[in-house]
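Asker: File name entry.txt; file contents compact mmCIF, C-alpha atoms and all ligand atoms; full text below.
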```txt
# COMPACT_ATOMS: atom_id res chain seq x y z
CA MET D 63 -85.21 10.88 109.14
CA SER D 64 -83.22 14.05 108.68
CA ARG D 65 -84.73 16.72 106.48
CA THR D 66 -83.46 17.34 102.98
CA PHE D 67 -83.57 20.44 100.85
CA THR D 68 -82.87 21.06 97.16
CA ILE D 69 -82.43 24.34 95.31
CA ILE D 70 -81.47 25.48 91.85
CA THR D 71 -77.68 25.84 91.89
CA PRO D 72 -77.01 29.25 93.44
CA ASP D 73 -74.52 31.99 92.51
CA ASP D 74 -72.38 34.17 94.75
CA TRP D 75 -72.83 37.78 93.65
CA HIS D 76 -69.92 39.18 95.70
CA LEU D 77 -66.68 37.28 96.25
CA HIS D 78 -62.97 37.91 96.88
CA LEU D 79 -60.77 35.18 95.41
CA ARG D 80 -57.36 36.90 95.72
CA ASP D 81 -54.60 35.71 93.40
CA GLY D 82 -51.67 33.30 93.10
CA ALA D 83 -51.31 30.55 95.69
CA MET D 84 -54.14 31.84 97.86
CA LEU D 85 -56.52 31.83 94.90
CA ALA D 86 -55.68 28.18 94.31
CA SER D 87 -56.41 27.36 97.96
CA VAL D 88 -59.74 29.14 98.25
CA VAL D 89 -61.50 28.89 94.87
CA GLY D 90 -62.65 25.27 95.30
CA ASN D 91 -64.78 26.20 98.30
CA THR D 92 -66.87 28.47 96.11
CA ALA D 93 -66.78 26.27 93.00
CA ARG D 94 -68.22 23.34 94.96
CA ARG D 95 -71.26 25.35 96.04
CA PHE D 96 -71.93 28.00 93.44
CA ARG D 97 -72.10 27.92 89.67
CA ARG D 98 -71.05 31.54 89.13
CA ALA D 99 -69.53 34.29 91.23
CA ILE D 100 -69.02 38.00 90.79
CA VAL D 101 -65.31 38.34 91.49
CA MET D 102 -64.08 41.52 93.17
CA PRO D 103 -61.25 43.42 91.48
CA ASN D 104 -59.38 44.69 94.57
CA LEU D 105 -56.09 42.95 93.86
CA THR D 106 -52.75 44.71 94.09
CA PRO D 107 -52.57 46.28 91.59
CA PRO D 108 -56.34 46.55 91.08
CA VAL D 109 -58.09 45.11 88.03
CA THR D 110 -58.85 48.31 86.14
CA THR D 111 -58.96 47.15 82.53
CA VAL D 112 -60.78 44.55 80.48
CA SER D 113 -57.50 42.91 79.54
CA ALA D 114 -56.46 42.62 83.20
CA ALA D 115 -59.91 41.18 84.04
CA LEU D 116 -59.64 38.57 81.28
CA ALA D 117 -56.13 37.58 82.41
CA TYR D 118 -57.38 37.26 86.01
CA ARG D 119 -60.30 35.18 84.78
CA GLU D 120 -57.87 32.75 83.13
CA ARG D 121 -55.91 32.42 86.39
CA ILE D 122 -59.16 31.69 88.25
CA LEU D 123 -60.20 29.04 85.73
CA ASP D 124 -56.74 27.44 85.92
CA ALA D 125 -56.91 27.41 89.71
CA ALA D 126 -60.44 25.98 89.74
CA GLY D 127 -59.40 23.16 87.43
CA VAL D 128 -60.82 21.89 84.17
CA ASP D 129 -63.35 19.59 85.84
CA THR D 130 -65.36 22.34 87.48
CA PRO D 131 -68.15 24.15 85.69
CA PHE D 132 -67.47 27.24 87.83
CA VAL D 133 -67.91 30.52 85.92
CA PRO D 134 -66.16 33.62 87.27
CA LEU D 135 -67.96 36.83 86.33
CA MET D 136 -65.40 39.61 86.26
CA THR D 137 -65.55 43.20 87.47
CA LEU D 138 -63.49 46.30 86.82
CA TYR D 139 -62.19 48.52 89.60
CA LEU D 140 -63.42 52.08 89.06
CA THR D 141 -60.82 54.83 89.47
CA ASP D 142 -60.94 58.60 89.07
CA ASN D 143 -59.48 58.04 85.62
CA THR D 144 -61.46 55.14 84.17
CA PRO D 145 -62.06 56.14 80.54
CA ALA D 146 -65.53 55.81 79.02
CA ALA D 147 -63.90 53.73 76.29
CA GLU D 148 -62.89 51.08 78.86
CA ILE D 149 -66.51 50.89 80.00
CA HIS D 150 -67.69 50.42 76.43
CA ALA D 151 -65.11 47.67 75.97
CA ALA D 152 -66.29 46.01 79.21
CA ALA D 153 -69.94 46.25 78.18
CA SER D 154 -69.25 44.36 74.99
CA GLU D 155 -67.21 41.64 76.77
CA PRO D 156 -69.57 39.01 78.27
CA ALA D 157 -66.92 37.84 80.75
CA VAL D 158 -67.08 41.26 82.44
CA GLN D 159 -70.36 41.89 84.22
CA ALA D 160 -69.94 44.96 86.41
CA VAL D 161 -67.78 47.79 87.71
CA LYS D 162 -66.91 48.16 91.40
CA LEU D 163 -66.81 51.49 93.21
CA TYR D 164 -64.53 51.61 96.24
CA PRO D 165 -64.39 55.04 97.82
CA ALA D 166 -60.63 55.65 98.23
CA GLY D 167 -59.47 54.34 101.59
CA ALA D 168 -62.77 52.63 102.50
CA THR D 169 -61.40 49.11 102.81
CA THR D 170 -58.79 46.52 101.79
CA ASN D 171 -56.84 47.57 98.68
CA SER D 172 -59.00 50.62 98.06
CA ASP D 173 -56.13 53.11 97.81
CA SER D 174 -56.68 53.50 94.08
CA GLY D 175 -60.41 53.96 94.58
CA VAL D 176 -62.55 56.95 93.78
CA THR D 177 -61.75 60.25 95.53
CA ASP D 178 -64.62 62.19 93.98
CA LEU D 179 -67.49 60.70 92.02
CA ALA D 180 -67.62 63.83 89.85
CA ARG D 181 -64.36 62.65 88.28
CA CYS D 182 -66.02 59.40 87.23
CA MET D 183 -68.95 60.90 85.37
CA PRO D 184 -67.76 59.88 81.88
CA ALA D 185 -67.41 56.28 83.05
CA LEU D 186 -70.70 56.32 84.97
CA GLU D 187 -72.56 57.81 82.03
CA ALA D 188 -71.15 55.08 79.81
CA MET D 189 -72.38 52.51 82.33
CA ALA D 190 -75.86 54.02 82.40
CA GLU D 191 -75.87 53.96 78.60
CA THR D 192 -74.66 50.38 78.22
CA GLY D 193 -76.44 48.79 81.20
CA LEU D 194 -73.23 47.70 82.95
CA PRO D 195 -74.08 47.68 86.69
CA LEU D 196 -72.23 49.72 89.31
CA LEU D 197 -71.43 47.69 92.43
CA VAL D 198 -70.96 49.96 95.40
CA HIS D 199 -68.97 49.72 98.60
CA GLY D 200 -71.39 52.09 100.28
CA GLU D 201 -69.46 53.87 103.00
CA VAL D 202 -68.21 57.43 103.24
CA THR D 203 -64.60 57.61 104.33
CA ALA D 204 -64.34 60.97 106.12
CA PRO D 205 -62.58 60.14 109.40
CA ASP D 206 -64.92 62.37 111.41
CA VAL D 207 -68.00 60.34 110.42
CA ASP D 208 -68.81 57.69 113.02
CA ILE D 209 -68.04 54.26 111.61
CA PHE D 210 -71.58 53.03 112.34
CA ASP D 211 -73.07 55.94 110.34
CA ARG D 212 -70.91 55.59 107.24
CA GLU D 213 -73.34 53.52 105.20
CA ARG D 214 -76.32 55.78 105.91
CA ARG D 215 -74.27 58.86 105.08
CA PHE D 216 -73.12 57.33 101.81
CA ILE D 217 -76.71 56.64 100.82
CA ASP D 218 -77.85 60.17 101.65
CA ASP D 219 -74.86 62.10 100.32
CA ILE D 220 -73.71 60.03 97.35
CA LEU D 221 -76.08 57.28 96.25
CA GLU D 222 -79.39 59.10 96.25
CA PRO D 223 -78.05 62.03 94.16
CA LEU D 224 -76.25 59.62 91.81
CA SER D 225 -79.32 57.48 91.31
CA GLN D 226 -81.37 60.59 90.49
CA ARG D 227 -78.77 62.01 88.17
CA LEU D 228 -78.29 58.81 86.17
CA GLU D 229 -81.75 57.29 86.15
CA SER D 230 -80.86 54.27 84.06
CA LEU D 231 -77.69 53.34 85.98
CA LYS D 232 -78.05 49.90 87.54
CA ILE D 233 -76.74 49.97 91.10
CA VAL D 234 -76.04 47.13 93.54
CA VAL D 235 -75.41 48.28 97.09
CA GLU D 236 -73.01 45.57 98.18
CA HIS D 237 -73.07 43.88 101.60
CA ILE D 238 -75.78 46.07 103.14
CA THR D 239 -75.67 46.36 106.91
CA THR D 240 -78.36 48.83 108.01
CA ARG D 241 -82.08 49.34 108.07
CA ASP D 242 -81.42 52.57 106.15
CA ALA D 243 -79.90 50.60 103.27
CA VAL D 244 -82.75 48.08 103.28
CA ASP D 245 -85.30 50.89 103.14
CA TRP D 246 -83.44 52.77 100.42
CA VAL D 247 -83.08 49.72 98.20
CA ARG D 248 -86.65 48.59 98.76
CA SER D 249 -88.18 51.95 97.95
CA GLY D 250 -85.76 52.92 95.18
CA ARG D 251 -86.36 53.26 91.48
CA ASP D 252 -86.00 50.33 89.07
CA GLY D 253 -82.46 49.04 88.69
CA ILE D 254 -81.47 49.19 92.36
CA ALA D 255 -80.60 46.06 94.31
CA ALA D 256 -78.43 44.84 97.19
CA THR D 257 -76.33 41.85 98.19
CA ILE D 258 -76.43 40.42 101.70
CA THR D 259 -73.65 38.46 103.44
CA PRO D 260 -74.07 35.61 105.92
CA GLN D 261 -72.38 37.57 108.69
CA HIS D 262 -74.73 40.52 108.40
CA ILE D 263 -77.70 38.14 108.71
CA LEU D 264 -76.25 36.11 111.58
CA LEU D 265 -74.30 38.55 113.77
CA ASN D 266 -74.65 41.94 115.36
CA ARG D 267 -71.79 44.11 116.57
CA ASN D 268 -71.68 42.43 119.97
CA ALA D 269 -69.96 39.53 118.21
CA LEU D 270 -66.89 41.72 117.72
CA PHE D 271 -66.39 42.00 121.47
CA GLN D 272 -67.70 38.67 122.78
CA GLY D 273 -65.36 37.87 125.67
CA GLY D 274 -62.56 39.87 124.02
CA LEU D 275 -61.67 41.35 120.68
CA ARG D 276 -62.67 39.02 117.81
CA PRO D 277 -60.71 39.82 114.66
CA HIS D 278 -62.24 37.00 112.64
CA VAL D 279 -65.65 38.65 112.61
CA TYR D 280 -64.23 42.03 111.66
CA CYS D 281 -65.27 43.07 108.16
CA LEU D 282 -66.27 46.25 106.38
CA PRO D 283 -68.89 47.55 106.50
CA VAL D 284 -68.55 46.61 110.16
CA LEU D 285 -71.30 44.61 111.92
CA LYS D 286 -74.09 46.84 113.19
CA ALA D 287 -76.57 46.95 116.10
CA GLU D 288 -79.26 44.28 116.48
CA GLN D 289 -82.06 46.41 115.02
CA HIS D 290 -80.05 46.72 111.79
CA ARG D 291 -79.18 43.01 111.69
CA GLU D 292 -82.89 42.27 112.04
CA ALA D 293 -83.78 44.53 109.12
CA VAL D 294 -81.07 43.06 106.88
CA ALA D 295 -82.03 39.48 107.79
CA GLU D 296 -85.68 40.19 107.16
CA ALA D 297 -84.84 41.62 103.72
CA ALA D 298 -82.94 38.44 102.83
CA PHE D 299 -85.67 36.17 104.19
CA SER D 300 -88.35 38.12 102.29
CA GLY D 301 -87.22 36.64 98.98
CA GLU D 302 -87.94 40.03 97.38
CA GLY D 303 -86.31 40.43 93.99
CA ARG D 304 -84.01 43.31 94.94
CA PHE D 305 -82.05 41.31 97.52
CA PHE D 306 -79.66 38.54 96.63
CA LEU D 307 -76.83 36.40 97.94
CA GLY D 308 -73.29 37.78 98.06
CA THR D 309 -71.00 36.15 100.61
CA ASP D 310 -68.23 38.76 100.49
CA SER D 311 -65.96 35.89 101.49
CA ALA D 312 -62.64 37.71 101.96
CA PRO D 313 -59.71 35.57 103.08
CA HIS D 314 -56.76 37.15 104.89
CA LEU D 315 -53.84 35.32 106.46
CA ARG D 316 -54.41 34.60 110.13
CA GLY D 317 -51.44 36.78 111.07
CA ASP D 318 -52.90 39.72 109.17
CA LYS D 319 -56.20 39.40 111.07
CA GLU D 320 -54.74 38.70 114.51
CA SER D 321 -52.69 41.86 114.46
CA ALA D 322 -52.37 45.30 116.07
CA CYS D 323 -54.04 46.64 112.91
CA GLY D 324 -56.03 43.70 111.64
CA CYS D 325 -57.42 43.40 108.12
CA ALA D 326 -61.15 43.52 107.43
CA GLY D 327 -62.69 40.45 105.85
CA ILE D 328 -64.46 37.23 106.83
CA TYR D 329 -63.58 33.99 105.07
CA SER D 330 -67.02 32.42 104.75
CA ALA D 331 -66.57 30.42 101.53
CA PRO D 332 -65.89 27.06 103.29
CA ALA D 333 -69.57 27.04 104.40
CA GLY D 334 -70.68 29.73 101.97
CA LEU D 335 -74.08 28.24 101.15
CA GLU D 336 -74.73 26.24 104.33
CA LEU D 337 -74.56 29.36 106.54
CA TYR D 338 -77.48 30.87 104.64
CA VAL D 339 -79.41 27.60 104.74
CA GLU D 340 -79.09 27.54 108.54
CA ALA D 341 -80.22 31.13 108.87
CA PHE D 342 -83.19 30.77 106.52
CA ASP D 343 -84.18 27.50 108.20
CA ASP D 344 -84.06 29.03 111.68
CA ALA D 345 -86.29 31.85 110.42
CA GLY D 346 -88.77 29.42 108.84
CA ALA D 347 -87.92 30.93 105.45
CA LEU D 348 -86.30 28.02 103.60
CA ASP D 349 -89.00 28.32 100.93
CA ARG D 350 -87.57 31.76 100.03
CA LEU D 351 -83.90 30.80 99.87
CA GLU D 352 -84.07 29.81 96.21
CA ALA D 353 -85.28 33.27 95.21
CA PHE D 354 -82.51 34.91 97.25
CA ALA D 355 -79.71 32.54 96.22
CA SER D 356 -80.58 31.39 92.71
CA LEU D 357 -83.22 33.57 91.01
CA ASN D 358 -82.97 37.24 92.01
CA GLY D 359 -79.32 37.74 91.04
CA PRO D 360 -79.60 36.36 87.49
CA ARG D 361 -82.76 38.37 86.93
CA PHE D 362 -81.02 41.60 87.96
CA TYR D 363 -77.94 40.89 85.84
CA GLY D 364 -79.99 39.66 82.88
CA LEU D 365 -78.35 36.22 82.96
CA PRO D 366 -79.99 32.79 82.68
CA VAL D 367 -80.98 30.92 85.82
CA ASN D 368 -78.72 27.90 86.42
CA GLU D 369 -80.01 24.52 85.32
CA GLY D 370 -78.43 22.31 87.98
CA ARG D 371 -79.57 21.59 91.52
CA VAL D 372 -77.78 21.47 94.86
CA HIS D 373 -79.03 18.96 97.41
CA LEU D 374 -78.58 19.43 101.14
CA ARG D 375 -79.38 17.38 104.21
CA GLU D 376 -79.76 18.43 107.81
CA GLU D 377 -76.56 16.80 108.98
CA HIS D 378 -73.93 18.09 111.36
CA TRP D 379 -70.35 18.61 110.26
CA GLN D 380 -67.49 20.59 111.70
CA LEU D 381 -65.55 23.36 110.07
CA PRO D 382 -61.78 23.06 110.58
CA ALA D 383 -60.18 25.49 113.04
CA VAL D 384 -57.72 26.57 110.36
CA MET D 385 -57.39 25.97 106.64
CA PRO D 386 -54.46 26.16 104.23
CA SER D 387 -53.76 29.45 102.47
CA GLY D 388 -51.27 28.07 99.96
CA THR D 389 -48.76 30.68 101.09
CA GLY D 390 -47.40 29.16 104.28
CA GLY D 391 -49.79 30.98 106.61
CA GLU D 392 -53.22 29.78 107.69
CA LEU D 393 -56.76 30.96 107.06
CA VAL D 394 -59.37 30.95 109.81
CA PRO D 395 -62.84 30.36 108.32
CA PHE D 396 -66.04 31.94 109.61
CA ARG D 397 -67.36 29.67 112.43
CA ALA D 398 -63.94 27.96 112.69
CA GLY D 399 -64.11 24.72 114.64
CA GLU D 400 -67.87 25.02 115.02
CA THR D 401 -70.69 22.77 113.91
CA ILE D 402 -72.63 23.54 110.74
CA ARG D 403 -76.10 22.01 110.69
CA TRP D 404 -76.68 21.53 106.97
CA ALA D 405 -74.42 19.65 104.56
CA ILE D 406 -74.31 19.50 100.77
CA THR D 407 -74.96 15.94 99.67
CA GLY D 408 -74.89 16.34 95.92
CA VAL D 409 -74.73 18.68 92.99
CA ASP D 410 -76.60 17.79 89.78
CA PRO D 411 -75.15 18.58 86.40
CA GLN D 412 -75.14 22.30 85.82
O1 LIG P 1 -64.35 43.19 104.97
C1 LIG P 1 -64.05 43.43 103.82
N1 LIG P 1 -63.04 42.79 103.20
N2 LIG P 1 -64.70 44.39 103.18
C2 LIG P 1 -64.31 44.81 101.96
O2 LIG P 1 -64.94 45.68 101.45
C3 LIG P 1 -63.11 44.26 101.33
C4 LIG P 1 -62.81 42.92 101.81
C5 LIG P 1 -61.43 42.44 101.44
O3 LIG P 1 -61.04 42.57 100.30
O4 LIG P 1 -60.75 41.88 102.30
ZN ZN P 2 -66.20 42.69 99.29
```
Output the file's structure in the form of structure tokens.
Answerer:
Amino acid sequence: MSRTFTIITPDDWHLHLRDGAMLASVVGNTARRFRRAIVMPNLTPPVTTVSAALAYRERILDAAGVDTPFVPLMTLYLTDNTPAAEIHAAASEPAVQAVKLYPAGATTNSDSGVTDLARCMPALEAMAETGLPLLVHGEVTAPDVDIFDRERRFIDDILEPLSQRLESLKIVVEHITTRDAVDWVRSGRDGIAATITPQHILLNRNALFQGGLRPHVYCLPVLKAEQHREAVAEAAFSGEGRFFLGTDSAPHLRGDKESACGCAGIYSAPAGLELYVEAFDDAGALDRLEAFASLNGPRFYGLPVNEGRVHLREEHWQLPAVMPSGTGGELVPFRAGETIRWAITGVDPQ
């Protein structure tokens, strides 16, 4: 008899859905597994206003189809010029749940990101006042800082002073990759949390160079050394309330990844829940997956816990080697062509 496992329907607290034809191709993978998702605003042009976020939300709902109960939770893209008034508008719009800070140049479509946090103080103060969380891509961008030190430097130089200056600002350090981030989040003041991706639980930086250069496991923040992977995985497996699920599934066309200057991003949505189930199971921590995937996120965001259930069975299935992008090119999912050991067998009414 194969083992079965049931959890309260989870949410994905960090997701890239893109737009247009690619959105239509990828959204179902998330909607079949997760009830809600925090949708990143790094489109071109970026989603900087409430009205742009609401229009994007409509496109997501259209693409997901009327039959799905999927709920996209929208975010605004913070710029040097985000007015406090836009933050107040966002805070009173339930469809918008957070604001995303991309340091300018840190990653995909971050050119309009923040060049100096001092310029954002009116917006950040409005967030602290209204309770709208700040979601952080936590890497400094100075080219002379070693890429493996960028997260730690961001915590020391930017996040710690910001968290002290605005004591009521809710902060999510997105896709943490280091022991330093785990320690900072764990020991921080109230209102600090982190999301954790499947790749940063499952892989260390050796995966980038296994037998050759592996563009499909290149993401930002980049995979780190084993001691950091261990710390991040242990934080996820702990079930502690400050750590929750965020896949950071980030599809790019195969040609844009397999390139002389390949894009960062791992398309994990096609097995977006099952990858975590495998990892938690291998660690003997399945009993803590529900906290990580379904309880901690809603508690942090002040949202209700989902009412439905997702049922899984230990059953092997194979991810396709490539998947459609809707735009003519292909997408290569995380663990393309490989066997996944847990399968979703049913989803109860939400
Ligand atoms: O690997 C990443 N891909 N990291 C990010 O921060 C952005 C994302 C994307 O949009 O492709
Ligand atoms: Zn992301």
Asker: Rank D:Leu179, D:Glu392, D:Met189, D:Arg248 by their smallest atom-to-atom distance to Leu231 of chain D, using only C-alpha atoms, and report the top residue only.
Answerer: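 So, comparing all the options, the nearest one is D:Met189.
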Asker: Counting all atoms listed in the file, which protein, DNA or RNA residues come within 8 Å of ligand ZN 2 (chain P), given as a list of chain:residue names?
Answerer: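 Using all atoms listed in the file, everything at most 8 Å from ligand ZN 2 (chain P) comes to D:His76, D:Leu77, D:His78, D:Met102, D:His199, D:Glu236, D:His237, D:Leu282, D:Asp310, D:Ser311, D:Ala312, D:Gly327.
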Asker: Could you name the residues that touch Asn358 of chain D at 8 Å or less, counting all atoms listed in the file, but leaving out those on the same chain fewer than 4 positions away, as a PyMOL selection string?
Answerer: chain D and resi 302-306+353-354+362
Asker: Could you please take those selected residues and save C-alpha atoms as a PDB file, keeping the file's coordinate frame?
Answerer:
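See out-v7.pdb below for the written result:
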```pdb
ATOM      1  CA  GLU D 302     -87.940  40.030  97.380  1.00  0.00           C
ATOM      2  CA  GLY D 303     -86.310  40.430  93.990  1.00  0.00           C
ATOM      3  CA  ARG D 304     -84.010  43.310  94.940  1.00  0.00           C
ATOM      4  CA  PHE D 305     -82.050  41.310  97.520  1.00  0.00           C
ATOM      5  CA  PHE D 306     -79.660  38.540  96.630  1.00  0.00           C
ATOM      6  CA  ALA D 353     -85.280  33.270  95.210  1.00  0.00           C
ATOM      7  CA  PHE D 354     -82.510  34.910  97.250  1.00  0.00           C
ATOM      8  CA  PHE D 362     -81.020  41.600  87.960  1.00  0.00           C
TER       9      PHE D 362
END
```
Asker: Please give the centre and size of the box around ligand LIG 1 (chain P) (axis-aligned, containing every atom listed in the file, 5 Å added per side), with values in Å to one decimal and written as AutoDock Vina command-line options.
Answerer:
```
--center_x -62.8 --center_y 43.8 --center_z 102.6 --size_x 14.2 --size_y 13.8 --size_z 14.7
```
Asker: Between D:Cys281, D:Ile149, D:Met183, D:Ala86, single out the one closest to ligand LIG 1 (chain P), counting all atoms listed in the file.
Answerer: D:Cys281
Asker: Find the residues around Gly391 of chain D up to 8 Å (only C-alpha atoms counted), leave out those fewer than 6 positions away in its own chain, and share them as a PyMOL selection string.
Answerer: chain D and resi 315-317
Asker: For Pro395 of chain D, which residue among D:His314, D:His262, D:Arg276, D:Arg95 is the nearest when counting all atoms listed in the file?
Answerer: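 When distances to Pro395 of chain D are compared using all atoms listed in the file, the smallest one comes from D:His314.
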Asker: Please report the interatomic distance between atom CA of Tyr139 of chain D and atom CA of Ser174 of chain D in Å with one decimal.
Answerer: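 Separation of atom CA of Tyr139 of chain D and atom CA of Ser174 of chain D: 8.7 Å.
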Asker: Would you please work out which residue, of D:Arg241, D:Arg80, D:Arg121, D:Arg94, is nearest to Gly408 of chain D when using all atoms listed in the file?
Answerer: D:Arg94
